[in-house]
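Here is the structure we will look at.
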Amino acid sequence: MKIIEYAPGSIERMYCPSTDEVIFSPNLDEINDNAIAFIGYWHHEFLDEPLIKDETLEAAWSEYFSKHLKDKFPYKYDWDDIRKFFMEYNNSGWIVYECDFHGMACGPMSYTVIYVVKSDTVIEEEPNYEDPLEGMSEKEIEDEIIRRQIKGLLG
């Protein structure tokens, strides 16, 4: 499968035009894993526990992980080990987005997520995006940031 490396910005979304579905966007709190266009994802901190909706892909990943990564897990593998699986797996109807997200929590943070999605899925600017902090006072912005952090901690 084709692998596309991308670092989505804070106002971008992952969108599939053929199914008219948004997989992630600034307006969603979580990934829309119910989307038909969404096949699976691997978070860099939980590579041994991906969310895979397709049974054939899940079986192939389980076999690959058992053969090539299980003995290396969790500290002796690198991204080339993971990329190799996707380069070897053949499905012309899907693509792989390797997304590096960057932001601020209690300091700079980043994480990588690999998405397997329908091949016409794109990452684009969110149409009609409105910044929820625009027009707020500094105090209101501070309160909103604290509210988001608490929400993130509590789930």
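Simple scheme: letters A, B, ... for chains in structure tokens order, numbers from 1 for residues in each chain, numbers from 1 for ligands in the order shown.
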Please list as a PDB file with N, CA and C atoms, in the first residue's frame every residue within 10 Å of region 33-38 of chain A, counting only C-alpha atoms and excluding residues in the same chain fewer than 4 positions away.
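Saved to out.pdb:
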```
ATOM      1  N   TYR A  15     -10.791  13.339   5.403  1.00  0.00           N
ATOM      2  CA  TYR A  15     -12.117  13.275   4.791  1.00  0.00           C
ATOM      3  C   TYR A  15     -12.111  12.320   3.612  1.00  0.00           C
ATOM      4  N   CYS A  16     -13.163  11.512   3.503  1.00  0.00           N
ATOM      5  CA  CYS A  16     -13.333  10.605   2.368  1.00  0.00           C
ATOM      6  C   CYS A  16     -14.520  11.077   1.532  1.00  0.00           C
ATOM      7  N   PRO A  17     -14.255  11.596   0.327  1.00  0.00           N
ATOM      8  CA  PRO A  17     -15.355  12.112  -0.496  1.00  0.00           C
ATOM      9  C   PRO A  17     -16.324  11.037  -0.999  1.00  0.00           C
ATOM     10  N   SER A  18     -15.848   9.824  -1.268  1.00  0.00           N
ATOM     11  CA  SER A  18     -16.750   8.801  -1.804  1.00  0.00           C
ATOM     12  C   SER A  18     -17.785   8.335  -0.785  1.00  0.00           C
ATOM     13  N   THR A  19     -17.456   8.434   0.493  1.00  0.00           N
ATOM     14  CA  THR A  19     -18.415   8.054   1.531  1.00  0.00           C
ATOM     15  C   THR A  19     -18.960   9.269   2.273  1.00  0.00           C
ATOM     16  N   ASP A  20     -18.422  10.453   1.969  1.00  0.00           N
ATOM     17  CA  ASP A  20     -18.793  11.706   2.616  1.00  0.00           C
ATOM     18  C   ASP A  20     -18.663  11.596   4.141  1.00  0.00           C
ATOM     19  N   GLU A  21     -17.492  11.066   4.575  1.00  0.00           N
ATOM     20  CA  GLU A  21     -17.262  10.870   5.997  1.00  0.00           C
ATOM     21  C   GLU A  21     -15.999  11.596   6.450  1.00  0.00           C
ATOM     22  N   VAL A  22     -16.066  12.149   7.637  1.00  0.00           N
ATOM     23  CA  VAL A  22     -14.908  12.750   8.282  1.00  0.00           C
ATOM     24  C   VAL A  22     -14.377  11.740   9.290  1.00  0.00           C
ATOM     25  N   ILE A  23     -13.066  11.460   9.233  1.00  0.00           N
ATOM     26  CA  ILE A  23     -12.458  10.512  10.157  1.00  0.00           C
ATOM     27  C   ILE A  23     -11.884  11.242  11.365  1.00  0.00           C
ATOM     28  N   PHE A  24     -11.233  12.381  11.137  1.00  0.00           N
ATOM     29  CA  PHE A  24     -10.872  13.259  12.248  1.00  0.00           C
ATOM     30  C   PHE A  24     -10.935  14.687  11.768  1.00  0.00           C
ATOM     31  N   LEU A  51      -6.421  -0.777  16.345  1.00  0.00           N
ATOM     32  CA  LEU A  51      -7.852  -0.924  16.097  1.00  0.00           C
ATOM     33  C   LEU A  51      -7.998  -1.247  14.612  1.00  0.00           C
ATOM     34  N   ILE A  52      -8.391  -2.465  14.291  1.00  0.00           N
ATOM     35  CA  ILE A  52      -8.494  -2.907  12.897  1.00  0.00           C
ATOM     36  C   ILE A  52      -9.905  -3.432  12.672  1.00  0.00           C
ATOM     37  N   LYS A  53     -10.614  -2.852  11.694  1.00  0.00           N
ATOM     38  CA  LYS A  53     -11.979  -3.271  11.397  1.00  0.00           C
ATOM     39  C   LYS A  53     -12.035  -4.402  10.370  1.00  0.00           C
ATOM     40  N   ASP A  54     -11.026  -4.511   9.515  1.00  0.00           N
ATOM     41  CA  ASP A  54     -11.025  -5.523   8.457  1.00  0.00           C
ATOM     42  C   ASP A  54     -10.373  -6.812   8.965  1.00  0.00           C
ATOM     43  N   TRP A  94      -6.927   0.827  -0.622  1.00  0.00           N
ATOM     44  CA  TRP A  94      -6.593   1.501   0.628  1.00  0.00           C
ATOM     45  C   TRP A  94      -5.284   2.258   0.500  1.00  0.00           C
ATOM     46  N   TYR A 115      -2.935   5.524   9.956  1.00  0.00           N
ATOM     47  CA  TYR A 115      -4.320   5.267   9.568  1.00  0.00           C
ATOM     48  C   TYR A 115      -4.332   4.476   8.272  1.00  0.00           C
ATOM     49  N   VAL A 116      -5.144   3.442   8.206  1.00  0.00           N
ATOM     50  CA  VAL A 116      -5.430   2.758   6.951  1.00  0.00           C
ATOM     51  C   VAL A 116      -6.858   3.152   6.600  1.00  0.00           C
ATOM     52  N   VAL A 117      -7.005   3.746   5.412  1.00  0.00           N
ATOM     53  CA  VAL A 117      -8.294   4.302   4.993  1.00  0.00           C
ATOM     54  C   VAL A 117      -8.530   4.014   3.516  1.00  0.00           C
ATOM     55  N   LYS A 118      -9.753   4.247   3.069  1.00  0.00           N
ATOM     56  CA  LYS A 118     -10.046   4.123   1.638  1.00  0.00           C
ATOM     57  C   LYS A 118      -9.115   5.027   0.852  1.00  0.00           C
ATOM     58  N   SER A 119      -8.763   4.587  -0.354  1.00  0.00           N
ATOM     59  CA  SER A 119      -7.714   5.262  -1.131  1.00  0.00           C
ATOM     60  C   SER A 119      -8.053   6.673  -1.581  1.00  0.00           C
ATOM     61  N   ASP A 120      -9.316   7.064  -1.579  1.00  0.00           N
ATOM     62  CA  ASP A 120      -9.639   8.436  -1.991  1.00  0.00           C
ATOM     63  C   ASP A 120      -9.707   9.394  -0.804  1.00  0.00           C
ATOM     64  N   THR A 121      -9.343   8.935   0.372  1.00  0.00           N
ATOM     65  CA  THR A 121      -9.361   9.771   1.576  1.00  0.00           C
ATOM     66  C   THR A 121      -8.241  10.806   1.497  1.00  0.00           C
TER      67      THR A 121
END
```
Q) Where in region 51-148 of chain A does DSSP assign strand (DSSP E), given as a ChimeraX atom specification? A) /A:51-52,94-104,108-118,122-125
(Q) For a quick check of understanding, using only C-alpha atoms, which of A:Ala7, A:Leu154, A:Met136, A:Val113 has the smallest distance to Trp79 (chain A)? (A) A:Val113
Q. From the set A:Met1, A:Ile146, A:Leu28, A:Ile11, which residue has the shortest atom-to-atom contact distance to Leu57 (chain A), counting only C-alpha atoms?
A.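 Selected residue with least distance to Leu57 (chain A): A:Met1.
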Out of region 3-135 of chain A, which residues get alpha helix (DSSP H) from DSSP, as a CSV table (one decimal) with C-alpha atoms, in the first residue's frame?
```csv
chain,number,residue,atom,x,y,z
A,55,GLU,CA,-10.6,-9.2,9.4
A,56,THR,CA,-8.1,-10.0,6.6
A,57,LEU,CA,-5.9,-7.0,7.6
A,58,GLU,CA,-6.2,-8.0,11.2
A,59,ALA,CA,-5.1,-11.6,10.5
A,60,ALA,CA,-2.1,-10.4,8.4
A,61,TRP,CA,-1.0,-7.9,11.1
A,62,SER,CA,-1.3,-10.5,13.8
A,63,GLU,CA,0.9,-12.9,11.8
A,64,TYR,CA,3.4,-10.2,10.9
A,79,TRP,CA,9.2,2.6,12.4
A,80,ASP,CA,10.9,0.8,9.5
A,81,ASP,CA,9.7,-2.5,11.0
A,82,ILE,CA,6.1,-1.1,11.0
A,83,ARG,CA,6.4,0.5,7.5
A,84,LYS,CA,7.6,-2.8,6.1
A,85,PHE,CA,4.3,-4.5,6.9
A,86,PHE,CA,2.3,-1.8,5.1
A,87,MET,CA,4.6,-1.8,2.1
A,88,GLU,CA,4.2,-5.6,1.8
```
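If you measure from each of A:Ile150, A:Ile123, A:Ile114, A:Val96 to Ile3 (chain A) using only C-alpha atoms, the closest one turns out to be A:Val96.
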Q) Got a sec: who's within 7 Å of His44 (chain A), counting only C-alpha atoms, leaving out chain neighbours fewer than 3 positions off, as number ranges by chain? A) A: 47, 111-113
Q. Which of these residues is nearest to Asp48 (chain A), using only C-alpha atoms: A:Glu138, A:Pro26, A:Asp71, A:Glu144?
A. A:Asp71
